[in-house]
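J.: File input.cif below, mmCIF, C-alpha atoms; chains and numbers go by the auth columns:
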data_protein
#
loop_
_atom_site.group_PDB
_atom_site.id
_atom_site.type_symbol
_atom_site.label_atom_id
_atom_site.label_comp_id
_atom_site.label_asym_id
_atom_site.label_seq_id
_atom_site.Cartn_x
_atom_site.Cartn_y
_atom_site.Cartn_z
_atom_site.B_iso_or_equiv
_atom_site.auth_seq_id
_atom_site.auth_asym_id
ATOM 1 C CA MET A 1 114.841 90.254 92.410 0.00 246 A
ATOM 2 C CA THR A 2 116.219 91.570 89.128 0.00 247 A
ATOM 3 C CA LEU A 3 114.035 94.143 87.407 0.00 248 A
ATOM 4 C CA ARG A 4 114.144 94.007 83.614 0.00 249 A
ATOM 5 C CA GLN A 5 113.605 97.381 82.035 0.00 250 A
ATOM 6 C CA PRO A 6 111.633 97.717 78.778 0.00 251 A
ATOM 7 C CA ALA A 7 112.600 100.265 76.135 0.00 252 A
ATOM 8 C CA SER A 8 109.073 101.743 76.060 0.00 253 A
ATOM 9 C CA LEU A 9 106.746 102.803 78.853 0.00 254 A
ATOM 10 C CA HIS A 10 105.183 99.832 80.604 0.00 255 A
ATOM 11 C CA LEU A 11 102.978 100.012 83.691 0.00 256 A
ATOM 12 C CA PRO A 12 101.921 97.222 86.058 0.00 257 A
ATOM 13 C CA SER A 13 98.492 95.874 85.173 0.00 258 A
ATOM 14 C CA PHE A 14 97.238 96.767 88.651 0.00 259 A
ATOM 15 C CA LEU A 15 97.375 100.443 87.587 0.00 260 A
ATOM 16 C CA GLN A 16 95.013 100.056 84.624 0.00 261 A
ATOM 17 C CA GLY A 17 91.219 100.160 84.857 0.00 262 A
ATOM 18 C CA THR A 18 88.447 102.130 86.527 0.00 263 A
ATOM 19 C CA PHE A 19 89.222 103.839 89.825 0.00 264 A
ATOM 20 C CA ARG A 20 87.367 101.164 91.780 0.00 265 A
ATOM 21 C CA SER A 21 89.089 98.265 90.042 0.00 266 A
ATOM 22 C CA VAL A 22 92.532 99.845 90.426 0.00 267 A
ATOM 23 C CA GLN A 23 91.775 100.564 94.060 0.00 268 A
ATOM 24 C CA GLN A 24 91.053 96.875 94.630 0.00 269 A
ATOM 25 C CA LYS A 25 94.031 95.645 92.617 0.00 270 A
ATOM 26 C CA THR A 26 96.524 97.978 94.256 0.00 271 A
ATOM 27 C CA LYS A 27 95.395 96.958 97.725 0.00 272 A
ATOM 28 C CA ARG A 28 95.837 93.281 96.813 0.00 273 A
ATOM 29 C CA GLU A 29 99.270 94.067 95.400 0.00 274 A
ATOM 30 C CA GLY A 30 100.265 95.880 98.570 0.00 275 A
ATOM 31 C CA LEU A 31 99.163 92.955 100.726 0.00 276 A
ATOM 32 C CA ARG A 32 101.043 90.515 98.452 0.00 277 A
ATOM 33 C CA CYS A 33 104.223 92.591 98.595 0.00 278 A
ATOM 34 C CA GLY A 34 103.924 93.133 102.341 0.00 279 A
ATOM 35 C CA GLU A 35 103.516 89.417 103.000 0.00 280 A
ATOM 36 C CA GLN A 36 106.653 88.491 101.053 0.00 281 A
ATOM 37 C CA TYR A 37 108.591 91.325 102.675 0.00 282 A
ATOM 38 C CA ARG A 38 107.751 90.030 106.144 0.00 283 A
ATOM 39 C CA GLU A 39 108.869 86.542 105.117 0.00 284 A
ATOM 40 C CA ASP A 40 112.253 87.294 103.537 0.00 285 A
ATOM 41 C CA GLY A 41 112.728 91.057 103.228 0.00 286 A
ATOM 42 C CA THR A 42 112.153 91.151 99.460 0.00 287 A
ATOM 43 C CA PHE A 43 109.357 92.208 97.122 0.00 288 A
ATOM 44 C CA PRO A 44 107.852 90.276 94.204 0.00 289 A
ATOM 45 C CA ALA A 45 107.814 91.817 90.745 0.00 290 A
ATOM 46 C CA PRO A 46 104.393 92.879 89.405 0.00 291 A
ATOM 47 C CA ARG A 47 102.640 89.856 87.943 0.00 292 A
ATOM 48 C CA GLN A 48 101.937 91.539 84.595 0.00 293 A
ATOM 49 C CA MET A 49 103.283 94.583 82.793 0.00 294 A
ATOM 50 C CA LEU A 50 101.295 96.325 80.065 0.00 295 A
ATOM 51 C CA GLU A 51 102.717 98.556 77.363 0.00 296 A
ATOM 52 C CA VAL A 52 101.288 102.070 77.236 0.00 297 A
ATOM 53 C CA PRO A 53 100.712 102.888 73.548 0.00 298 A
ATOM 54 C CA ALA A 54 102.672 105.940 72.427 0.00 299 A
ATOM 55 C CA GLY A 55 100.782 109.162 73.089 0.00 300 A
ATOM 56 C CA GLU A 56 98.239 107.661 75.520 0.00 301 A
ATOM 57 C CA VAL A 57 97.408 109.594 78.670 0.00 302 A
ATOM 58 C CA VAL A 58 98.544 108.490 82.131 0.00 303 A
ATOM 59 C CA VAL A 59 96.793 109.966 85.181 0.00 304 A
ATOM 60 C CA ALA A 60 99.683 110.999 87.414 0.00 305 A
ATOM 61 C CA HIS A 61 97.913 112.965 90.163 0.00 306 A
ATOM 62 C CA GLU A 62 94.745 112.277 92.134 0.00 307 A
ATOM 63 C CA VAL A 63 93.349 115.813 91.828 0.00 308 A
ATOM 64 C CA VAL A 64 92.941 115.462 88.046 0.00 309 A
ATOM 65 C CA ASP A 65 91.290 112.022 88.159 0.00 310 A
ATOM 66 C CA LEU A 66 87.808 113.384 87.535 0.00 311 A
ATOM 67 C CA GLN A 67 86.307 110.546 85.473 0.00 312 A
ATOM 68 C CA ARG A 68 86.817 107.672 87.834 0.00 313 A
ATOM 69 C CA GLU A 69 84.292 105.402 86.186 0.00 314 A
ATOM 70 C CA ARG A 70 86.348 105.366 82.966 0.00 315 A
ATOM 71 C CA PRO A 71 89.255 102.909 82.496 0.00 316 A
ATOM 72 C CA ALA A 72 92.591 104.711 82.585 0.00 317 A
ATOM 73 C CA TRP A 73 96.260 104.325 83.449 0.00 318 A
ATOM 74 C CA ARG A 74 96.359 105.513 87.088 0.00 319 A
ATOM 75 C CA LEU A 75 100.021 105.875 88.044 0.00 320 A
ATOM 76 C CA TYR A 76 99.340 107.909 91.175 0.00 321 A
ATOM 77 C CA MET A 77 97.627 104.905 92.755 0.00 322 A
ATOM 78 C CA VAL A 78 100.987 103.292 93.497 0.00 323 A
ATOM 79 C CA SER A 79 100.363 105.109 96.787 0.00 324 A
ATOM 80 C CA HIS A 80 97.540 102.633 97.467 0.00 325 A
ATOM 81 C CA VAL A 81 100.033 99.770 97.136 0.00 326 A
ATOM 82 C CA MET A 82 102.297 101.443 99.663 0.00 327 A
ATOM 83 C CA GLY A 83 99.388 102.060 102.003 0.00 328 A
ATOM 84 C CA ALA A 84 98.733 98.311 102.238 0.00 329 A
ATOM 85 C CA LEU A 85 102.343 97.154 102.705 0.00 330 A
ATOM 86 C CA ALA A 86 102.338 97.099 106.506 0.00 331 A
ATOM 87 C CA PRO A 87 99.612 95.650 108.746 0.00 332 A
ATOM 88 C CA ASP A 88 97.925 97.823 111.355 0.00 333 A
ATOM 89 C CA GLY A 89 100.147 98.383 114.361 0.00 334 A
ATOM 90 C CA GLN A 90 103.398 97.935 112.436 0.00 335 A
ATOM 91 C CA SER A 91 105.591 100.852 111.399 0.00 336 A
ATOM 92 C CA ALA A 92 105.092 101.447 107.686 0.00 337 A
ATOM 93 C CA PHE A 93 108.153 103.618 107.107 0.00 338 A
ATOM 94 C CA PRO A 94 110.890 100.939 106.776 0.00 339 A
ATOM 95 C CA VAL A 95 108.901 98.812 104.331 0.00 340 A
ATOM 96 C CA ARG A 96 107.862 101.862 102.295 0.00 341 A
ATOM 97 C CA ASP A 97 111.470 103.037 102.119 0.00 342 A
ATOM 98 C CA ASP A 98 112.602 99.627 100.888 0.00 343 A
ATOM 99 C CA TYR A 99 109.748 99.489 98.373 0.00 344 A
ATOM 100 C CA GLU A 100 110.809 102.836 96.981 0.00 345 A
ATOM 101 C CA ALA A 101 114.488 101.853 96.873 0.00 346 A
ATOM 102 C CA LEU A 102 113.632 98.877 94.658 0.00 347 A
ATOM 103 C CA PHE A 103 110.858 100.192 92.419 0.00 348 A
ATOM 104 C CA ARG A 104 112.359 103.646 92.000 0.00 349 A
ATOM 105 C CA ASP A 105 114.642 101.854 89.537 0.00 350 A
ATOM 106 C CA THR A 106 111.732 101.018 87.240 0.00 351 A
ATOM 107 C CA VAL A 107 110.359 103.350 84.610 0.00 352 A
ATOM 108 C CA TRP A 108 106.989 103.630 86.375 0.00 353 A
ATOM 109 C CA GLY A 109 108.402 103.886 89.876 0.00 354 A
ATOM 110 C CA ALA A 110 110.877 106.560 88.821 0.00 355 A
ATOM 111 C CA LEU A 111 108.144 108.977 87.762 0.00 356 A
ATOM 112 C CA PHE A 112 105.840 108.157 90.666 0.00 357 A
ATOM 113 C CA PHE A 113 108.430 108.781 93.373 0.00 358 A
ATOM 114 C CA ALA A 114 109.856 111.895 91.705 0.00 359 A
ATOM 115 C CA THR A 115 106.445 113.567 91.475 0.00 360 A
ATOM 116 C CA THR A 116 104.719 112.534 94.723 0.00 361 A
ATOM 117 C CA HIS A 117 107.449 113.527 97.235 0.00 362 A
ATOM 118 C CA MET A 118 106.516 110.791 99.690 0.00 363 A
ATOM 119 C CA GLY A 119 108.585 110.678 102.863 0.00 364 A
ATOM 120 C CA PRO A 120 111.204 113.207 103.986 0.00 365 A
ATOM 121 C CA VAL A 121 112.461 114.960 100.853 0.00 366 A
ATOM 122 C CA SER A 122 116.166 115.117 101.647 0.00 367 A
ATOM 123 C CA ALA A 123 118.763 116.285 99.138 0.00 368 A
ATOM 124 C CA GLU A 124 120.140 112.751 98.864 0.00 369 A
ATOM 125 C CA ARG A 125 116.740 111.146 98.343 0.00 370 A
ATOM 126 C CA THR A 126 115.631 113.747 95.823 0.00 371 A
ATOM 127 C CA ALA A 127 118.867 113.293 93.876 0.00 372 A
ATOM 128 C CA ARG A 128 118.178 109.573 93.558 0.00 373 A
ATOM 129 C CA ARG A 129 114.594 110.202 92.474 0.00 374 A
ATOM 130 C CA LEU A 130 115.597 112.683 89.791 0.00 375 A
ATOM 131 C CA GLN A 131 118.427 110.469 88.579 0.00 376 A
ATOM 132 C CA SER A 132 115.951 107.613 88.092 0.00 377 A
ATOM 133 C CA VAL A 133 113.619 109.803 86.015 0.00 378 A
ATOM 134 C CA LEU A 134 116.570 110.956 83.910 0.00 379 A
ATOM 135 C CA ARG A 135 117.630 107.340 83.369 0.00 380 A
ATOM 136 C CA PHE A 136 114.197 106.534 81.905 0.00 381 A
ATOM 137 C CA TRP A 137 113.618 109.841 80.144 0.00 382 A
ATOM 138 C CA GLU A 138 113.020 108.420 76.658 0.00 383 A
ATOM 139 C CA PRO A 139 110.330 105.842 77.515 0.00 384 A
ATOM 140 C CA LEU A 140 108.643 108.322 79.853 0.00 385 A
ATOM 141 C CA GLN A 141 108.489 110.863 77.022 0.00 386 A
ATOM 142 C CA SER A 142 106.404 108.487 74.909 0.00 387 A
ATOM 143 C CA ALA A 143 103.253 109.100 76.984 0.00 388 A
ATOM 144 C CA ARG A 144 101.245 112.174 77.946 0.00 389 A
ATOM 145 C CA TYR A 145 100.159 112.882 81.498 0.00 390 A
ATOM 146 C CA LEU A 146 97.344 114.415 83.496 0.00 391 A
ATOM 147 C CA PHE A 147 98.930 116.273 86.376 0.00 392 A
ATOM 148 C CA LYS A 148 98.208 119.402 88.359 0.00 393 A
ATOM 149 C CA PRO A 149 97.268 122.152 87.633 0.00 394 A
ATOM 150 C CA LEU A 150 93.995 121.284 85.958 0.00 395 A
ATOM 151 C CA ARG A 151 94.447 121.494 82.209 0.00 396 A
ATOM 152 C CA GLY A 152 94.977 119.226 79.210 0.00 397 A
ATOM 153 C CA ALA A 153 97.445 116.394 78.829 0.00 398 A
ATOM 154 C CA GLN A 154 101.031 117.408 79.519 0.00 399 A
ATOM 155 C CA THR A 155 104.447 116.334 78.323 0.00 400 A
ATOM 156 C CA LEU A 156 107.028 114.813 80.636 0.00 401 A
ATOM 157 C CA GLU A 157 108.873 118.140 80.726 0.00 402 A
ATOM 158 C CA GLU A 158 105.707 119.955 81.813 0.00 403 A
ATOM 159 C CA VAL A 159 105.047 117.393 84.541 0.00 404 A
ATOM 160 C CA MET A 160 108.569 117.731 85.897 0.00 405 A
ATOM 161 C CA VAL A 161 108.263 121.515 85.958 0.00 406 A
ATOM 162 C CA ALA A 162 104.899 121.286 87.741 0.00 407 A
ATOM 163 C CA SER A 163 106.212 118.850 90.355 0.00 408 A
ATOM 164 C CA CYS A 164 109.905 119.717 90.704 0.00 409 A
ATOM 165 C CA ASP A 165 110.344 123.377 89.754 0.00 410 A
ATOM 166 C CA TRP A 166 111.379 123.994 93.372 0.00 411 A
ATOM 167 C CA ALA A 167 114.315 121.598 92.931 0.00 412 A
ATOM 168 C CA MET A 168 115.489 123.332 89.773 0.00 413 A
ATOM 169 C CA ASP A 169 115.084 126.810 91.253 0.00 414 A
ATOM 170 C CA ALA A 170 116.864 125.935 94.500 0.00 415 A
ATOM 171 C CA TRP A 171 119.672 123.845 93.023 0.00 416 A
ATOM 172 C CA TYR A 172 120.121 125.336 89.541 0.00 417 A
ATOM 173 C CA PRO A 173 119.129 129.001 89.894 0.00 418 A
ATOM 174 C CA GLU A 174 121.192 129.960 86.836 0.00 419 A
ATOM 175 C CA GLY A 175 118.354 128.817 84.544 0.00 420 A
ATOM 176 C CA GLY A 176 118.506 129.168 80.781 0.00 421 A
ATOM 177 C CA ALA A 177 118.741 125.443 80.003 0.00 422 A
ATOM 178 C CA SER A 178 116.294 122.704 79.052 0.00 423 A
ATOM 179 C CA VAL A 179 114.243 121.012 81.756 0.00 424 A
ATOM 180 C CA ARG A 180 116.262 117.844 81.382 0.00 425 A
ATOM 181 C CA ALA A 181 119.581 119.681 81.642 0.00 426 A
ATOM 182 C CA ARG A 182 118.439 121.607 84.716 0.00 427 A
ATOM 183 C CA LEU A 183 117.309 118.400 86.415 0.00 428 A
ATOM 184 C CA GLU A 184 120.643 116.763 85.640 0.00 429 A
ATOM 185 C CA VAL A 185 122.599 119.605 87.224 0.00 430 A
ATOM 186 C CA ALA A 186 120.230 119.834 90.204 0.00 431 A
ATOM 187 C CA ALA A 187 120.469 116.087 90.864 0.00 432 A
ATOM 188 C CA GLU A 188 124.255 116.138 90.619 0.00 433 A
ATOM 189 C CA ARG A 189 124.512 119.040 93.060 0.00 434 A
ATOM 190 C CA MET A 190 122.109 117.431 95.519 0.00 435 A
ATOM 191 C CA ALA A 191 123.982 114.135 95.413 0.00 436 A
ATOM 192 C CA ARG A 192 127.238 115.728 96.587 0.00 437 A
ATOM 193 C CA ALA A 193 125.787 118.547 98.697 0.00 438 A
ATOM 194 C CA THR A 194 127.270 119.486 102.042 0.00 439 A
ATOM 195 C CA ARG A 195 125.115 120.828 104.864 0.00 440 A
ATOM 196 C CA GLU A 196 126.157 124.353 103.887 0.00 441 A
ATOM 197 C CA ASP A 197 125.168 123.689 100.248 0.00 442 A
ATOM 198 C CA CYS A 198 121.736 122.595 101.477 0.00 443 A
ATOM 199 C CA ILE A 199 121.342 125.710 103.599 0.00 444 A
ATOM 200 C CA ASP A 200 122.141 127.908 100.604 0.00 445 A
ATOM 201 C CA ALA A 201 119.556 126.049 98.506 0.00 446 A
ATOM 202 C CA ILE A 202 116.956 126.340 101.265 0.00 447 A
ATOM 203 C CA LEU A 203 117.525 130.088 101.543 0.00 448 A
ATOM 204 C CA ARG A 204 116.955 130.442 97.791 0.00 449 A
ATOM 205 C CA GLU A 205 113.635 128.620 98.114 0.00 450 A
ATOM 206 C CA MET A 206 112.414 130.344 101.294 0.00 451 A
ATOM 207 C CA PRO A 207 110.683 133.268 99.505 0.00 452 A
ATOM 208 C CA ARG A 208 108.431 130.811 97.663 0.00 453 A
ATOM 209 C CA ALA A 209 107.693 128.932 100.889 0.00 454 A
ATOM 210 C CA LEU A 210 106.800 132.181 102.642 0.00 455 A
ATOM 211 C CA ALA A 211 104.492 133.161 99.788 0.00 456 A
ATOM 212 C CA HIS A 212 102.532 129.909 100.194 0.00 457 A
ATOM 213 C CA ALA A 213 102.707 129.558 103.974 0.00 458 A
ATOM 214 C CA GLY A 214 99.374 131.195 104.723 0.00 459 A
ATOM 215 C CA LYS A 215 98.917 132.980 108.033 0.00 460 A
ATOM 216 C CA LEU A 216 102.152 133.547 109.942 0.00 461 A
ATOM 217 C CA LYS A 217 102.153 135.794 112.995 0.00 462 A
ATOM 218 C CA HIS A 218 105.839 136.654 112.738 0.00 463 A
ATOM 219 C CA ARG A 219 106.251 136.853 108.966 0.00 464 A
ATOM 220 C CA GLN A 220 108.698 139.758 108.987 0.00 465 A
ATOM 221 C CA MET A 221 111.145 137.984 111.274 0.00 466 A
ATOM 222 C CA LEU A 222 110.710 134.683 109.461 0.00 467 A
ATOM 223 C CA ALA A 223 111.550 136.402 106.168 0.00 468 A
ATOM 224 C CA ASP A 224 114.924 137.591 107.473 0.00 469 A
ATOM 225 C CA PRO A 225 117.681 135.460 105.823 0.00 470 A
ATOM 226 C CA SER A 226 119.895 135.917 108.895 0.00 471 A
ATOM 227 C CA PHE A 227 117.167 134.495 111.136 0.00 472 A
ATOM 228 C CA GLN A 228 116.611 131.621 108.708 0.00 473 A
ATOM 229 C CA ARG A 229 120.315 130.755 108.541 0.00 474 A
ATOM 230 C CA GLU A 230 120.649 130.894 112.321 0.00 475 A
ATOM 231 C CA ARG A 231 117.681 128.570 112.850 0.00 476 A
ATOM 232 C CA LEU A 232 118.797 126.144 110.136 0.00 477 A
ATOM 233 C CA ALA A 233 122.222 125.877 111.779 0.00 478 A
ATOM 234 C CA THR A 234 120.607 124.669 115.026 0.00 479 A
ATOM 235 C CA LEU A 235 118.441 121.911 113.504 0.00 480 A
ATOM 236 C CA ASP A 236 119.186 118.357 114.619 0.00 481 A
ATOM 237 C CA SER A 237 120.166 115.855 111.929 0.00 482 A
ATOM 238 C CA TRP A 238 116.672 114.314 111.646 0.00 483 A
ATOM 239 C CA SER A 239 114.938 117.664 111.180 0.00 484 A
ATOM 240 C CA PHE A 240 117.583 118.954 108.805 0.00 485 A
ATOM 241 C CA GLU A 241 117.362 115.860 106.596 0.00 486 A
ATOM 242 C CA ARG A 242 113.632 116.408 106.146 0.00 487 A
ATOM 243 C CA VAL A 243 114.206 119.844 104.642 0.00 488 A
ATOM 244 C CA SER A 244 117.681 119.491 103.109 0.00 489 A
ATOM 245 C CA GLY A 245 116.322 119.093 99.574 0.00 490 A
ATOM 246 C CA ALA A 246 114.602 122.510 99.843 0.00 491 A
ATOM 247 C CA CYS A 247 111.173 121.124 98.935 0.00 492 A
ATOM 248 C CA THR A 248 108.648 123.944 99.347 0.00 493 A
ATOM 249 C CA GLY A 249 106.134 121.916 101.341 0.00 494 A
ATOM 250 C CA TYR A 250 108.690 120.890 103.928 0.00 495 A
ATOM 251 C CA LEU A 251 109.981 124.460 104.219 0.00 496 A
ATOM 252 C CA ILE A 252 106.415 125.590 104.977 0.00 497 A
ATOM 253 C CA TRP A 253 106.356 122.928 107.721 0.00 498 A
ATOM 254 C CA LEU A 254 109.594 124.411 109.064 0.00 499 A
ATOM 255 C CA LEU A 255 108.335 128.002 108.938 0.00 500 A
ATOM 256 C CA THR A 256 105.115 127.061 110.700 0.00 501 A
ATOM 257 C CA GLY A 257 107.086 125.438 113.506 0.00 502 A
ATOM 258 C CA TRP A 258 109.334 128.459 113.880 0.00 503 A
ATOM 259 C CA ASP A 259 106.302 130.750 113.951 0.00 504 A
ATOM 260 C CA ARG A 260 104.811 128.743 116.836 0.00 505 A
ATOM 261 C CA GLU A 261 108.121 128.876 118.720 0.00 506 A
ATOM 262 C CA LEU A 262 108.310 132.638 118.355 0.00 507 A
ATOM 263 C CA GLY A 263 104.771 132.906 119.699 0.00 508 A
ATOM 264 C CA ARG A 264 105.791 131.069 122.861 0.00 509 A
ATOM 265 C CA GLN A 265 108.742 133.339 123.567 0.00 510 A
#
Please re-express this file's structure in structure tokens.

T.:
Amino acid sequence: MTLRQPASLHLPSFLQGTFRSVQQKTKREGLRCGEQYREDGTFPAPRQMLEVPAGEVVVAHEVVDLQRERPAWRLYMVSHVMGALAPDGQSAFPVRDDYEALFRDTVWGALFFATTHMGPVSAERTARRLQSVLRFWEPLQSARYLFKPLRGAQTLEEVMVASCDWAMDAWYPEGGASVRARLEVAAERMARATREDCIDAILREMPRALAHAGKLKHRQMLADPSFQRERLATLDSWSFERVSGACTGYLIWLLTGWDRELGRQ
């Protein structure tokens, strides 16, 4: 399938409406896409695309969708499509990965996948997500967004800071540039990162992860950069890929696991 990209922000019609109507439409879309995928390994394009008038608000995170009875553009509910792609009993990960690989190269998919961090957030995967957002920067700037934390409508730059500040801090710690420029440099560095580059980025992000990790019984040892580097060097390829992008949430997962291991020693 060839995806034609509009110059302005367009969203699939299944993302527009009240929460209940979008919930129903996204489930139907997921079932439709999953059925075609099982038949020939491809996905159909959305049946209808709607233009988002310049300046209109797009709900980009579930926690800020507080008026669910009101019609709205509900971008975050792409996750409901993905939740219906695979039937019960079938592994959902391959089909979700393929769905992302295709629709990440659309203006709506680019922003969704860059801000939701679904699946292991590796350096390679994050680079592709950020590169897609950068490719569609102009049409994405035409709208305003409701995203966490709870406050008024935000610009694209504010949304990217709220969702991907960890990527900029870990991969472009120099700072002093625009959000777009920092994302460009971060994506470029992630795309060509070696394992050692990833470890350095992870170590830069570890203080933030520790600050948000909650109760840790061995916090002092976990905060030691030498301990962190030693443990990172011993991770198998699967575990390392999950954290190689230095996403804060996945580093908390790593710290929690290390804390449990220390408790068993």

J.: Expand the PyMOL selection byres ((chain A and resi 259-268) around 10) into the individual residues it matches in the shown file, reporting them as an NGL selection string.

T.: :A and (256-258 or 269-274 or 291-295 or 297 or 303-304 or 310-323 or 325-326)

J.: Check the smallest atom-to-atom distance from each of A:Thr501, A:Ser423, A:Ser484, A:Ser489 to Asp445 (chain A) using only C-alpha atoms, then report the winner.

T.: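 Once distances to Asp445 (chain A) are computed over only C-alpha atoms, the minimum belongs to A:Ser489.
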
J.: My list of candidates is A:Leu496, A:Val406, A:Leu461, A:Ala299. Which is closest to Pro384 (chain A) when distances are computed with all atoms listed in the file?

T.: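 For Pro384 (chain A), the nearest of the candidates is A:Ala299.
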
J.: To one decimal in Å, tell me the separation between CA of Ser408 (chain A) and CA of Val488 (chain A).

T.: 16.4 Å

J.: What is the CA of Ala491 (chain A) to CA of Phe472 (chain A) distance in Å?

T.: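 So the two atoms, CA of Ala491 (chain A) and CA of Phe472 (chain A), lie 16.7 Å apart.
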
J.: Figure out the distance between CA of Glu486 (chain A) and CA of Leu500 (chain A), please, to one decimal in Å.

T.: 15.3 Å

J.: Taking only C-alpha atoms, show region 303-346 of chain A of the given structure as a compact mmCIF listing (two decimals), in the first residue's frame.

T.:
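Result file is decode-v5.txt:
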# COMPACT_ATOMS: atom_id res chain seq x y z
CA VAL A 303 -6.27 17.25 19.16
CA VAL A 304 -6.47 15.09 22.29
CA ALA A 305 -3.12 13.30 22.32
CA HIS A 306 -3.15 11.61 25.74
CA GLU A 307 -5.83 9.67 27.59
CA VAL A 308 -5.27 11.38 30.96
CA VAL A 309 -6.44 14.75 29.58
CA ASP A 310 -9.56 13.39 27.86
CA LEU A 311 -11.92 14.64 30.55
CA GLN A 312 -14.98 15.51 28.45
CA ARG A 313 -15.60 12.20 26.78
CA GLU A 314 -19.17 12.95 25.81
CA ARG A 315 -18.01 15.81 23.56
CA PRO A 316 -16.88 15.17 19.95
CA ALA A 317 -13.14 15.63 19.59
CA TRP A 318 -10.09 14.52 17.63
CA ARG A 319 -8.77 11.63 19.76
CA LEU A 320 -5.33 10.72 18.42
CA TYR A 321 -4.33 8.66 21.44
CA MET A 322 -7.03 6.12 20.60
CA VAL A 323 -4.89 4.66 17.82
CA SER A 324 -3.92 2.36 20.70
CA HIS A 325 -7.45 0.90 20.54
CA VAL A 326 -6.85 -0.01 16.89
CA MET A 327 -3.66 -1.79 17.85
CA GLY A 328 -5.40 -3.58 20.69
CA ALA A 329 -7.81 -5.22 18.24
CA LEU A 330 -5.27 -6.26 15.58
CA ALA A 331 -4.65 -9.78 16.87
CA PRO A 332 -7.30 -12.28 17.99
CA ASP A 333 -7.17 -13.77 21.48
CA GLY A 334 -4.49 -16.42 21.77
CA GLN A 335 -2.30 -14.96 19.02
CA SER A 336 0.85 -12.98 19.73
CA ALA A 337 0.09 -9.31 19.16
CA PHE A 338 3.67 -8.07 18.99
CA PRO A 339 4.57 -8.92 15.35
CA VAL A 340 1.39 -7.41 13.92
CA ARG A 341 1.71 -4.30 16.12
CA ASP A 342 5.32 -3.85 15.03
CA ASP A 343 4.33 -4.08 11.37
CA TYR A 344 1.42 -1.69 11.91
CA GLU A 345 3.77 0.84 13.44
CA ALA A 346 6.36 0.39 10.67
